[in-house]
file target_7.txt (compact mmCIF, C-alpha atoms)
# COMPACT_ATOMS: atom_id res chain seq x y z
CA MET A 1 2.62 29.85 27.51
CA VAL A 2 4.80 29.36 30.58
CA ARG A 3 1.88 29.86 32.91
CA SER A 4 -0.37 27.45 31.01
CA LEU A 5 2.44 24.88 30.90
CA TYR A 6 2.86 25.28 34.65
CA HIS A 7 -0.84 24.62 35.25
CA ALA A 8 -0.81 21.66 32.87
CA ALA A 9 2.23 20.18 34.64
CA ARG A 10 0.57 20.65 38.01
CA ARG A 11 -2.55 18.82 36.76
CA VAL A 12 -0.40 16.01 35.28
CA ALA A 13 1.55 15.65 38.54
CA VAL A 14 -1.64 15.14 40.52
CA GLU A 15 -3.46 12.99 37.97
CA CYS A 16 -0.51 10.68 37.24
CA MET A 17 1.21 10.88 40.64
CA LEU A 18 4.47 12.15 39.10
CA ARG A 19 7.28 14.27 40.47
CA GLY A 20 7.52 17.87 39.28
CA ALA A 21 10.21 17.47 36.61
CA ASP A 22 8.53 14.37 35.15
CA ALA A 23 5.19 16.18 35.05
CA ILE A 24 6.81 19.04 33.14
CA TYR A 25 8.19 16.62 30.53
CA VAL A 26 4.74 15.05 30.09
CA ALA A 27 2.95 18.41 29.90
CA LEU A 28 5.46 19.71 27.35
CA ALA A 29 5.08 16.62 25.15
CA VAL A 30 1.30 17.04 25.23
CA HIS A 31 1.57 20.77 24.51
CA VAL A 32 3.88 20.22 21.51
CA GLY A 33 1.86 17.23 20.33
CA VAL A 34 4.60 14.62 20.30
CA PRO A 35 5.01 11.30 22.11
CA LEU A 36 7.18 11.25 25.20
CA ILE A 37 10.13 8.91 24.65
CA THR A 38 11.65 7.60 27.87
CA LEU A 39 13.56 4.80 29.52
CA ASP A 40 12.09 5.75 32.91
CA LYS A 41 9.84 2.82 33.87
CA GLU A 42 7.80 4.81 36.38
CA LEU A 43 7.11 7.56 33.86
CA TYR A 44 6.29 4.95 31.22
CA ARG A 45 3.69 3.35 33.51
CA ARG A 46 2.10 6.46 34.97
CA ALA A 47 1.90 8.99 32.12
CA PRO A 48 -0.23 7.16 29.49
CA PRO A 49 -3.59 8.44 30.81
CA VAL A 50 -2.40 11.91 29.81
CA ALA A 51 0.19 11.44 27.06
CA ARG A 52 1.41 8.95 24.50
CA VAL A 53 4.56 7.38 25.97
CA LEU A 54 7.04 5.17 24.13
CA THR A 55 10.37 3.54 24.85
CA PRO A 56 13.17 4.40 22.41
CA ARG A 57 12.81 0.89 20.93
CA GLU A 58 9.06 1.31 20.38
CA TRP A 59 9.64 4.70 18.76
CA LEU A 60 12.35 3.32 16.46
CA GLN A 61 10.09 0.45 15.41
CA GLN A 62 7.40 2.94 14.43
CA VAL A 63 9.74 5.30 12.63
CA ALA A 64 11.66 2.55 10.83
CA ALA A 65 8.53 0.62 9.82
CA PRO A 66 8.47 0.00 6.06
CA ARG A 67 6.13 2.32 4.23
CA LYS A 68 3.94 1.06 1.44

call {"tool": "encode", "arguments": {"input": "target_7.txt", "output": "structure tokens"}}
result
Amino acid sequence: MVRSLYHAARRVAVECMLRGADAIYVALAVHVGVPLITLDKELYRRAPPVARVLTPREWLQQVAAPRK
């Protein structure tokens, strides 16, 4: 898993023009199948081609939405 996550992060870094640590966060979110929740504006702008990215406010609005 570590090796595949490394390769995924490397691909994300190139595709989204992200720094190494940010690419790892994106690759891990994709691998686990969850949205990436961040306040980092650069990450929020650059990662969507690869992963679903939300601000904490957007995530809370989705989670707290009334269910019918």

call {"tool": "residues_around", "arguments": {"input": "target_7.txt", "residues": "A:Arg52", "least_positions_apart": "4", "cutoff": "9 Å", "atoms": "all atoms listed in the file", "output": "list in words"}}
result
Val26, Ala29, Val30, Val34, Pro35, Leu36, Ile37, Ala47 and Pro48 of chain A

call {"tool": "atom_distance", "arguments": {"input": "target_7.txt", "atom1": "atom CA of A:Val50", "atom2": "atom CA of A:Ala64"}}
result
25.4 Å

call {"tool": "atom_distance", "arguments": {"input": "target_7.txt", "atom1": "atom CA of A:Gln61", "atom2": "atom CA of A:Leu28"}}
result
23.1 Å

call {"tool": "atom_distance", "arguments": {"input": "target_7.txt", "atom1": "atom CA of A:Tyr6", "atom2": "atom CA of A:Pro56"}}
result
26.3 Å

call {"tool": "closest_residue", "arguments": {"input": "target_7.txt", "among": "A:Ala27, A:Val63, A:Val53, A:Cys16", "to": "A:Leu39", "atoms": "all atoms listed in the file"}}
result
A:Val53

call {"tool": "residues_around", "arguments": {"input": "target_7.txt", "residues": "A:Val12", "least_positions_apart": "2", "cutoff": "10 Å", "atoms": "only C-alpha atoms", "output": "number ranges by chain"}}
result
A: 6-10, 14-20, 22-27, 46-47, 49-51

call {"tool": "closest_residue", "arguments": {"input": "target_7.txt", "among": "A:Arg57, A:Tyr44, A:Arg11, A:Leu5", "to": "A:Val32", "atoms": "all atoms listed in the file"}}
result
A:Leu5

call {"tool": "decode", "arguments": {"input": "target_7.txt", "residues": "stretch 7-23 of chain A", "atoms": "all heavy atoms", "output": "PDB file, in the first residue's frame"}}
result
ATOM      1  N   HIS A   7       3.286   6.310  -5.383  1.00  0.00           N
ATOM      2  CA  HIS A   7       3.129   6.547  -6.820  1.00  0.00           C
ATOM      3  C   HIS A   7       1.912   7.428  -7.107  1.00  0.00           C
ATOM      4  O   HIS A   7       1.968   8.293  -7.986  1.00  0.00           O
ATOM      5  CB  HIS A   7       3.028   5.224  -7.577  1.00  0.00           C
ATOM      6  CG  HIS A   7       4.312   4.462  -7.593  1.00  0.00           C
ATOM      7  ND1 HIS A   7       5.451   4.919  -8.222  1.00  0.00           N
ATOM      8  CD2 HIS A   7       4.661   3.282  -7.035  1.00  0.00           C
ATOM      9  CE1 HIS A   7       6.429   4.063  -8.058  1.00  0.00           C
ATOM     10  NE2 HIS A   7       5.982   3.052  -7.339  1.00  0.00           N
ATOM     11  N   ALA A   8       0.839   7.210  -6.361  1.00  0.00           N
ATOM     12  CA  ALA A   8      -0.351   8.046  -6.539  1.00  0.00           C
ATOM     13  C   ALA A   8      -0.049   9.491  -6.163  1.00  0.00           C
ATOM     14  O   ALA A   8      -0.451  10.427  -6.861  1.00  0.00           O
ATOM     15  CB  ALA A   8      -1.505   7.504  -5.702  1.00  0.00           C
ATOM     16  N   ALA A   9       0.673   9.696  -5.062  1.00  0.00           N
ATOM     17  CA  ALA A   9       1.024  11.049  -4.624  1.00  0.00           C
ATOM     18  C   ALA A   9       1.934  11.727  -5.640  1.00  0.00           C
ATOM     19  O   ALA A   9       1.791  12.924  -5.912  1.00  0.00           O
ATOM     20  CB  ALA A   9       1.694  11.001  -3.253  1.00  0.00           C
ATOM     21  N   ARG A  10       2.839  10.979  -6.208  1.00  0.00           N
ATOM     22  CA  ARG A  10       3.736  11.538  -7.221  1.00  0.00           C
ATOM     23  C   ARG A  10       2.933  11.989  -8.441  1.00  0.00           C
ATOM     24  O   ARG A  10       3.149  13.070  -8.982  1.00  0.00           O
ATOM     25  CB  ARG A  10       4.783  10.496  -7.606  1.00  0.00           C
ATOM     26  CG  ARG A  10       5.867  11.047  -8.500  1.00  0.00           C
ATOM     27  CD  ARG A  10       6.946  10.051  -8.717  1.00  0.00           C
ATOM     28  NE  ARG A  10       6.400   8.928  -9.489  1.00  0.00           N
ATOM     29  CZ  ARG A  10       7.115   7.881  -9.854  1.00  0.00           C
ATOM     30  NH1 ARG A  10       8.378   7.774  -9.510  1.00  0.00           N
ATOM     31  NH2 ARG A  10       6.577   6.918 -10.562  1.00  0.00           N
ATOM     32  N   ARG A  11       1.964  11.169  -8.865  1.00  0.00           N
ATOM     33  CA  ARG A  11       1.114  11.517 -10.008  1.00  0.00           C
ATOM     34  C   ARG A  11       0.274  12.755  -9.692  1.00  0.00           C
ATOM     35  O   ARG A  11       0.157  13.670 -10.505  1.00  0.00           O
ATOM     36  CB  ARG A  11       0.202  10.345 -10.353  1.00  0.00           C
ATOM     37  CG  ARG A  11      -0.709  10.604 -11.524  1.00  0.00           C
ATOM     38  CD  ARG A  11      -1.666   9.451 -11.776  1.00  0.00           C
ATOM     39  NE  ARG A  11      -2.456   9.071 -10.621  1.00  0.00           N
ATOM     40  CZ  ARG A  11      -3.550   9.728 -10.190  1.00  0.00           C
ATOM     41  NH1 ARG A  11      -3.966  10.798 -10.823  1.00  0.00           N
ATOM     42  NH2 ARG A  11      -4.209   9.313  -9.141  1.00  0.00           N
ATOM     43  N   VAL A  12      -0.283  12.818  -8.471  1.00  0.00           N
ATOM     44  CA  VAL A  12      -1.092  13.966  -8.050  1.00  0.00           C
ATOM     45  C   VAL A  12      -0.245  15.234  -8.037  1.00  0.00           C
ATOM     46  O   VAL A  12      -0.687  16.291  -8.472  1.00  0.00           O
ATOM     47  CB  VAL A  12      -1.726  13.712  -6.666  1.00  0.00           C
ATOM     48  CG1 VAL A  12      -2.296  14.980  -6.073  1.00  0.00           C
ATOM     49  CG2 VAL A  12      -2.802  12.638  -6.764  1.00  0.00           C
ATOM     50  N   ALA A  13       0.976  15.134  -7.527  1.00  0.00           N
ATOM     51  CA  ALA A  13       1.861  16.295  -7.445  1.00  0.00           C
ATOM     52  C   ALA A  13       2.107  16.895  -8.821  1.00  0.00           C
ATOM     53  O   ALA A  13       2.054  18.114  -9.001  1.00  0.00           O
ATOM     54  CB  ALA A  13       3.183  15.905  -6.790  1.00  0.00           C
ATOM     55  N   VAL A  14       2.344  16.036  -9.798  1.00  0.00           N
ATOM     56  CA  VAL A  14       2.600  16.509 -11.152  1.00  0.00           C
ATOM     57  C   VAL A  14       1.327  17.043 -11.798  1.00  0.00           C
ATOM     58  O   VAL A  14       1.308  18.133 -12.378  1.00  0.00           O
ATOM     59  CB  VAL A  14       3.221  15.378 -12.017  1.00  0.00           C
ATOM     60  CG1 VAL A  14       3.289  15.770 -13.469  1.00  0.00           C
ATOM     61  CG2 VAL A  14       4.588  15.001 -11.473  1.00  0.00           C
ATOM     62  N   GLU A  15       0.251  16.275 -11.691  1.00  0.00           N
ATOM     63  CA  GLU A  15      -1.001  16.638 -12.363  1.00  0.00           C
ATOM     64  C   GLU A  15      -1.613  17.923 -11.803  1.00  0.00           C
ATOM     65  O   GLU A  15      -2.141  18.737 -12.547  1.00  0.00           O
ATOM     66  CB  GLU A  15      -2.011  15.495 -12.220  1.00  0.00           C
ATOM     67  CG  GLU A  15      -3.261  15.685 -13.026  1.00  0.00           C
ATOM     68  CD  GLU A  15      -4.158  14.462 -12.969  1.00  0.00           C
ATOM     69  OE1 GLU A  15      -3.640  13.336 -12.874  1.00  0.00           O
ATOM     70  OE2 GLU A  15      -5.377  14.653 -13.035  1.00  0.00           O
ATOM     71  N   CYS A  16      -1.515  18.102 -10.473  1.00  0.00           N
ATOM     72  CA  CYS A  16      -2.161  19.258  -9.834  1.00  0.00           C
ATOM     73  C   CYS A  16      -1.175  20.358  -9.450  1.00  0.00           C
ATOM     74  O   CYS A  16      -1.572  21.359  -8.852  1.00  0.00           O
ATOM     75  CB  CYS A  16      -2.924  18.805  -8.595  1.00  0.00           C
ATOM     76  SG  CYS A  16      -4.233  17.629  -8.929  1.00  0.00           S
ATOM     77  N   MET A  17       0.096  20.144  -9.746  1.00  0.00           N
ATOM     78  CA  MET A  17       1.147  21.098  -9.376  1.00  0.00           C
ATOM     79  C   MET A  17       1.120  21.396  -7.873  1.00  0.00           C
ATOM     80  O   MET A  17       1.031  22.551  -7.449  1.00  0.00           O
ATOM     81  CB  MET A  17       1.029  22.377 -10.201  1.00  0.00           C
ATOM     82  CG  MET A  17       1.263  22.143 -11.670  1.00  0.00           C
ATOM     83  SD  MET A  17       1.264  23.650 -12.661  1.00  0.00           S
ATOM     84  CE  MET A  17      -0.398  24.228 -12.460  1.00  0.00           C
ATOM     85  N   LEU A  18       1.203  20.328  -7.071  1.00  0.00           N
ATOM     86  CA  LEU A  18       1.180  20.453  -5.612  1.00  0.00           C
ATOM     87  C   LEU A  18       2.521  20.053  -5.018  1.00  0.00           C
ATOM     88  O   LEU A  18       3.265  19.266  -5.596  1.00  0.00           O
ATOM     89  CB  LEU A  18       0.097  19.541  -5.023  1.00  0.00           C
ATOM     90  CG  LEU A  18      -1.342  19.920  -5.306  1.00  0.00           C
ATOM     91  CD1 LEU A  18      -2.266  18.815  -4.846  1.00  0.00           C
ATOM     92  CD2 LEU A  18      -1.691  21.228  -4.628  1.00  0.00           C
ATOM     93  N   ARG A  19       2.800  20.579  -3.838  1.00  0.00           N
ATOM     94  CA  ARG A  19       3.982  20.176  -3.087  1.00  0.00           C
ATOM     95  C   ARG A  19       3.782  18.752  -2.572  1.00  0.00           C
ATOM     96  O   ARG A  19       2.654  18.246  -2.505  1.00  0.00           O
ATOM     97  CB  ARG A  19       4.207  21.126  -1.918  1.00  0.00           C
ATOM     98  CG  ARG A  19       4.666  22.510  -2.361  1.00  0.00           C
ATOM     99  CD  ARG A  19       4.873  23.405  -1.148  1.00  0.00           C
ATOM    100  NE  ARG A  19       3.584  23.731  -0.544  1.00  0.00           N
ATOM    101  CZ  ARG A  19       2.875  24.814  -0.829  1.00  0.00           C
ATOM    102  NH1 ARG A  19       3.326  25.669  -1.716  1.00  0.00           N
ATOM    103  NH2 ARG A  19       1.733  25.039  -0.243  1.00  0.00           N
ATOM    104  N   GLY A  20       4.868  18.122  -2.196  1.00  0.00           N
ATOM    105  CA  GLY A  20       4.842  16.716  -1.787  1.00  0.00           C
ATOM    106  C   GLY A  20       3.844  16.380  -0.699  1.00  0.00           C
ATOM    107  O   GLY A  20       3.047  15.450  -0.835  1.00  0.00           O
ATOM    108  N   ALA A  21       3.867  17.117   0.407  1.00  0.00           N
ATOM    109  CA  ALA A  21       2.969  16.814   1.528  1.00  0.00           C
ATOM    110  C   ALA A  21       1.511  16.978   1.108  1.00  0.00           C
ATOM    111  O   ALA A  21       0.660  16.143   1.447  1.00  0.00           O
ATOM    112  CB  ALA A  21       3.284  17.706   2.720  1.00  0.00           C
ATOM    113  N   ASP A  22       1.211  18.029   0.357  1.00  0.00           N
ATOM    114  CA  ASP A  22      -0.162  18.246  -0.098  1.00  0.00           C
ATOM    115  C   ASP A  22      -0.603  17.117  -1.027  1.00  0.00           C
ATOM    116  O   ASP A  22      -1.742  16.645  -0.953  1.00  0.00           O
ATOM    117  CB  ASP A  22      -0.294  19.589  -0.808  1.00  0.00           C
ATOM    118  CG  ASP A  22      -0.182  20.771   0.145  1.00  0.00           C
ATOM    119  OD1 ASP A  22      -0.341  20.576   1.366  1.00  0.00           O
ATOM    120  OD2 ASP A  22       0.053  21.892  -0.334  1.00  0.00           O
ATOM    121  N   ALA A  23       0.284  16.669  -1.884  1.00  0.00           N
ATOM    122  CA  ALA A  23      -0.037  15.572  -2.796  1.00  0.00           C
ATOM    123  C   ALA A  23      -0.319  14.284  -2.027  1.00  0.00           C
ATOM    124  O   ALA A  23      -1.193  13.507  -2.411  1.00  0.00           O
ATOM    125  CB  ALA A  23       1.110  15.361  -3.787  1.00  0.00           C
TER     126      ALA A  23
END
